[in-house]
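Below: the structure, in structure tokens.
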Amino acid sequence: MTQSLTFLAVHAHPDDEASSTGGLFPLLRDQGVRTVLVTCTNGECGDDPAGNKPEHDEHDGDAVAALRKIELEQAVSILKIDRLEMLGYRDSGMDGWEHNNDPRSFWQTPVSDGAAALLKILREERPQVIMTYNDFGFYGHPDHIQAHRITMEAIKQLDYEPTVYFNAIPKSVFKGWRDRMREEQEANGDELDEGVDFGTDDADIAVAVDVSATTPLKFDALSAHASQITEDSFWMKMGKERFTQTMNTEWFVRATNPLGLEGVATDIFAGYR
């Protein structure tokens with residue numbers, strides 16, 4: 001009897017599931033893999049329905065959370081995710097924001113508490129493969145860092161060792177995207193925004209998954225998060241056709257390796273099937 005396979009991703013906010021695993025989720029589901037999404041925060045620090053930023057006096061974080069939950073559920077349906085679990089922590093905001101100090105925030109939550117909440121789900125699902133962020137939270141966001149911490153703490157308490165992956169973008173690919181963005185900004189006369197270089201050394205990539213068959217669903221899932229991913233975002237400005245042609249690979253770094261895998265795989269379940 002073939003062992004049933006389960007994939008579980010631990011993401012920080014509503015919409016994160018679409019940006020880095022939006023192709024992988026439906027691809028795996030179509031292959032018969034059970035898919036589980038754990039979203040750690042409610043996303044209160046996003047733009048509110050009136051367009052107010054978190055620093056605005058009238059910003060309504062609870063209204064943001066309510067809207068983003070609806071958007072998340074729509075994206076989950078689009079991505080064919082079998083189970084969604086929201087841990088319900090409050091969004092901590094970007095590094096340095098006053099929201100970091102809110103005792104209700106995910107950032108202020110003891111790692112042991114967050115790990116215990118996640119561990120309950122891990123024990124129920126027993127996923128062979130788990131995905132989250134590296135210790136920098138991919139780009140330094142406190143909630144992403146905390147998601148990494150609770151995941152790595154929780155897996156220590158399992159009675160088996162899953163394969164854990166961190167999402168990544170190869171430096172060579174990231175440079176190409178940045179160069180294209182720079183060209184577009186210059187053509188439009190926009191102020192250049194170099195942003196943070198969060199590319200991963202190409203040699204460290206362990207899995208490169210071709211998600212071209214499900215990239216249209218990834219675009220649709222991102223579109224479902226319309227309150228945060230607006231029409232002038234990097235992805236939406238591409239349009240669906242160009243997005244489908246461009247965003248057709250998702251990359252991961254191997255954080256644990258119980259199967260002793262080597263080289264670059266094209267299947268995140270390499271070694272399990």
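For the structure tokens, the naming scheme is as follows: chains receive sequential letters (A, B, ...) according to their order of presentation, residues are indexed from 1 within each chain, and ligands are indexed from 1 in presentation order.
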
Residue contacts of Ile145 (chain A) (6 Å, only C-alpha atoms) excluding same-chain residues fewer than 4 positions away, as a PyMOL selection string: chain A and resi 135-137

Could you list, as a list of chain:residue names, every residue within 7 Å of region 39-55 of chain A, counting only C-alpha atoms and ignoring same-chain residues fewer than 5 positions away?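 Result of the neighbour search: A:Val10, A:His11, A:Ala12, A:His13, A:Pro14, A:Asp60, A:Gly61, A:Asp62, A:Ala63, A:Val64, A:Ala65, A:Arg68, A:Glu85, A:Met86, A:Leu87, A:Gly88, A:Tyr89, A:Arg90, A:Asp91, A:Gly93, A:Phe106, A:Ser227, A:Gln228.
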
Next, write the just-selected residues to a file, as a compact mmCIF listing (two decimals), in the first residue's frame, keeping C-alpha atoms as the atom set.
```
# COMPACT_ATOMS: atom_id res chain seq x y z
CA VAL A 10 3.49 27.53 7.78
CA HIS A 11 2.94 31.08 6.53
CA ALA A 12 2.85 34.34 8.44
CA HIS A 13 0.00 36.33 6.87
CA PRO A 14 -2.98 35.95 4.56
CA ASP A 60 -9.03 49.73 11.76
CA GLY A 61 -6.94 46.59 12.23
CA ASP A 62 -9.92 44.43 13.14
CA ALA A 63 -11.70 45.42 9.92
CA VAL A 64 -8.54 44.54 8.00
CA ALA A 65 -8.41 41.11 9.64
CA ARG A 68 -8.35 39.42 4.83
CA GLU A 85 -5.80 26.59 10.11
CA MET A 86 -5.40 30.16 11.38
CA LEU A 87 -3.47 30.42 14.63
CA GLY A 88 -5.09 33.82 15.21
CA TYR A 89 -2.11 35.86 16.37
CA ARG A 90 -2.10 39.61 15.82
CA ASP A 91 0.02 40.99 12.97
CA GLY A 93 3.91 44.87 11.45
CA PHE A 106 2.81 37.23 17.11
CA SER A 227 -7.16 44.63 -0.43
CA GLN A 228 -3.39 44.20 -0.14
```

Expected answer as a PyMOL selection string: helix (DSSP H, G or I) residues in region 4-247 of chain A: chain A and resi 16-21+24-30+61-78+98-101+111-125+137-140+142-155+171-188+202-204+215-224+236-246

CA of Pro216 (chain A) to CA of Glu125 (chain A), distance in Å rounded to a single decimal: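 Going from CA of Pro216 (chain A) over to CA of Glu125 (chain A) covers 28.0 Å.
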
Counting only C-alpha atoms, figure out which residue out of A:Leu259, A:Asp15, A:Leu24, A:Pro110 gets nearest to Ile70 (chain A).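 Using only C-alpha atoms, Ile70 (chain A) sits closest to A:Asp15.
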
Return as JSON, numbers by chain the full set of residues in region 20-257 of chain A whose backbone-based DSSP assignment is strand (DSSP E or B). {"A": [34, 35, 36, 37, 38, 39, 40, 41, 83, 84, 85, 86, 87, 88, 89, 90, 105, 129, 130, 131, 132, 163, 164, 165, 166, 167, 168, 170, 200, 207, 208, 209, 210, 249, 250, 251, 252, 253, 254]}

What would the file look like if the residues just selected were written as a tab-separated table (two decimals), in the first residue's frame with C-alpha atoms?
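Wrote it out as part.tsv, contents follow:
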```tsv
chain	number	residue	atom	x	y	z
A	34	ARG	CA	-3.05	16.26	0.96
A	35	THR	CA	-2.32	19.97	1.44
A	36	VAL	CA	-2.51	21.95	4.68
A	37	LEU	CA	-2.00	25.67	5.25
A	38	VAL	CA	-1.24	27.17	8.64
A	39	THR	CA	-1.53	30.98	8.68
A	40	CYS	CA	-0.06	32.43	11.86
A	41	THR	CA	-1.52	35.96	11.96
A	83	ARG	CA	-7.22	22.31	5.28
A	84	LEU	CA	-6.71	25.88	6.50
A	85	GLU	CA	-5.80	26.59	10.11
A	86	MET	CA	-5.40	30.16	11.38
A	87	LEU	CA	-3.47	30.42	14.63
A	88	GLY	CA	-5.09	33.82	15.21
A	89	TYR	CA	-2.11	35.86	16.37
A	90	ARG	CA	-2.10	39.61	15.82
A	105	SER	CA	1.25	40.36	18.52
A	129	VAL	CA	7.16	17.71	4.01
A	130	ILE	CA	6.87	21.08	5.79
A	131	MET	CA	7.60	24.48	4.30
A	132	THR	CA	8.26	27.75	6.12
A	163	THR	CA	11.78	17.13	5.58
A	164	VAL	CA	11.63	20.90	6.09
A	165	TYR	CA	12.11	23.40	3.28
A	166	PHE	CA	12.48	27.18	3.27
A	167	ASN	CA	11.14	29.19	0.36
A	168	ALA	CA	13.78	30.93	-1.74
A	170	PRO	CA	17.89	32.22	-6.59
A	200	THR	CA	19.56	32.92	-2.19
A	207	VAL	CA	14.33	22.03	-5.13
A	208	ALA	CA	13.13	23.85	-8.24
A	209	VAL	CA	9.52	22.94	-8.95
A	210	ASP	CA	8.00	23.60	-12.37
A	249	THR	CA	9.04	28.01	-10.98
A	250	GLU	CA	9.07	27.89	-7.17
A	251	TRP	CA	12.34	27.27	-5.33
A	252	PHE	CA	13.20	25.89	-1.91
A	253	VAL	CA	16.20	25.32	0.33
A	254	ARG	CA	16.40	22.08	2.30
```

A:Glu124, A:Phe198, A:Leu5, A:His141 ranked by distance to Trp97 (chain A), top pick (using only C-alpha atoms):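 That would be A:His141, the residue with the smallest distance to Trp97 (chain A).
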
Using only C-alpha atoms for the distances, tell me which of A:Gln74, A:Asn257, A:Gln146, A:Thr6 is nearest to Ala226 (chain A).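 Of A:Gln74, A:Asn257, A:Gln146, A:Thr6, the one nearest Ala226 (chain A), counting only C-alpha atoms, is A:Gln74.
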
I'd like the interatomic distance between CA of Ala206 (chain A) and CA of Phe174 (chain A), to a tenth of an Å.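 Separation of CA of Ala206 (chain A) and CA of Phe174 (chain A): 16.5 Å.
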
Determine the nearest neighbour of Gly96 (chain A) from the options A:Pro142, A:Gly22, A:Gly176, A:Pro127, counting only C-alpha atoms. A:Pro142

Tell me which of A:Tyr160, A:Phe234, A:Trp107, A:Phe25 sits closest to Ala147 (chain A), counting only C-alpha atoms.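 Of A:Tyr160, A:Phe234, A:Trp107, A:Phe25, the one nearest Ala147 (chain A), counting only C-alpha atoms, is A:Trp107.
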
If we count only C-alpha atoms and set the cut-off at 9 Å, which residues sit around Lys80 (chain A), ignoring sequence neighbours fewer than 2 positions away in its own chain? Please answer as a list in words. Phe25, Pro26, Arg29, Asp30, Thr35, Ala75, Val76, Ser77, Ile78 and Asp82 of chain A

Tell me which of A:Ile229, A:Val211, A:Ile268, A:Ile169 sits closest to Thr244 (chain A), counting only C-alpha atoms.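 Ranked by minimum distance to Thr244 (chain A), first place goes to A:Val211.
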
Rounded to one decimal in Å, what is the spacing between CA of Lys120 (chain A) and CA of Asp143 (chain A)? 19.9 Å
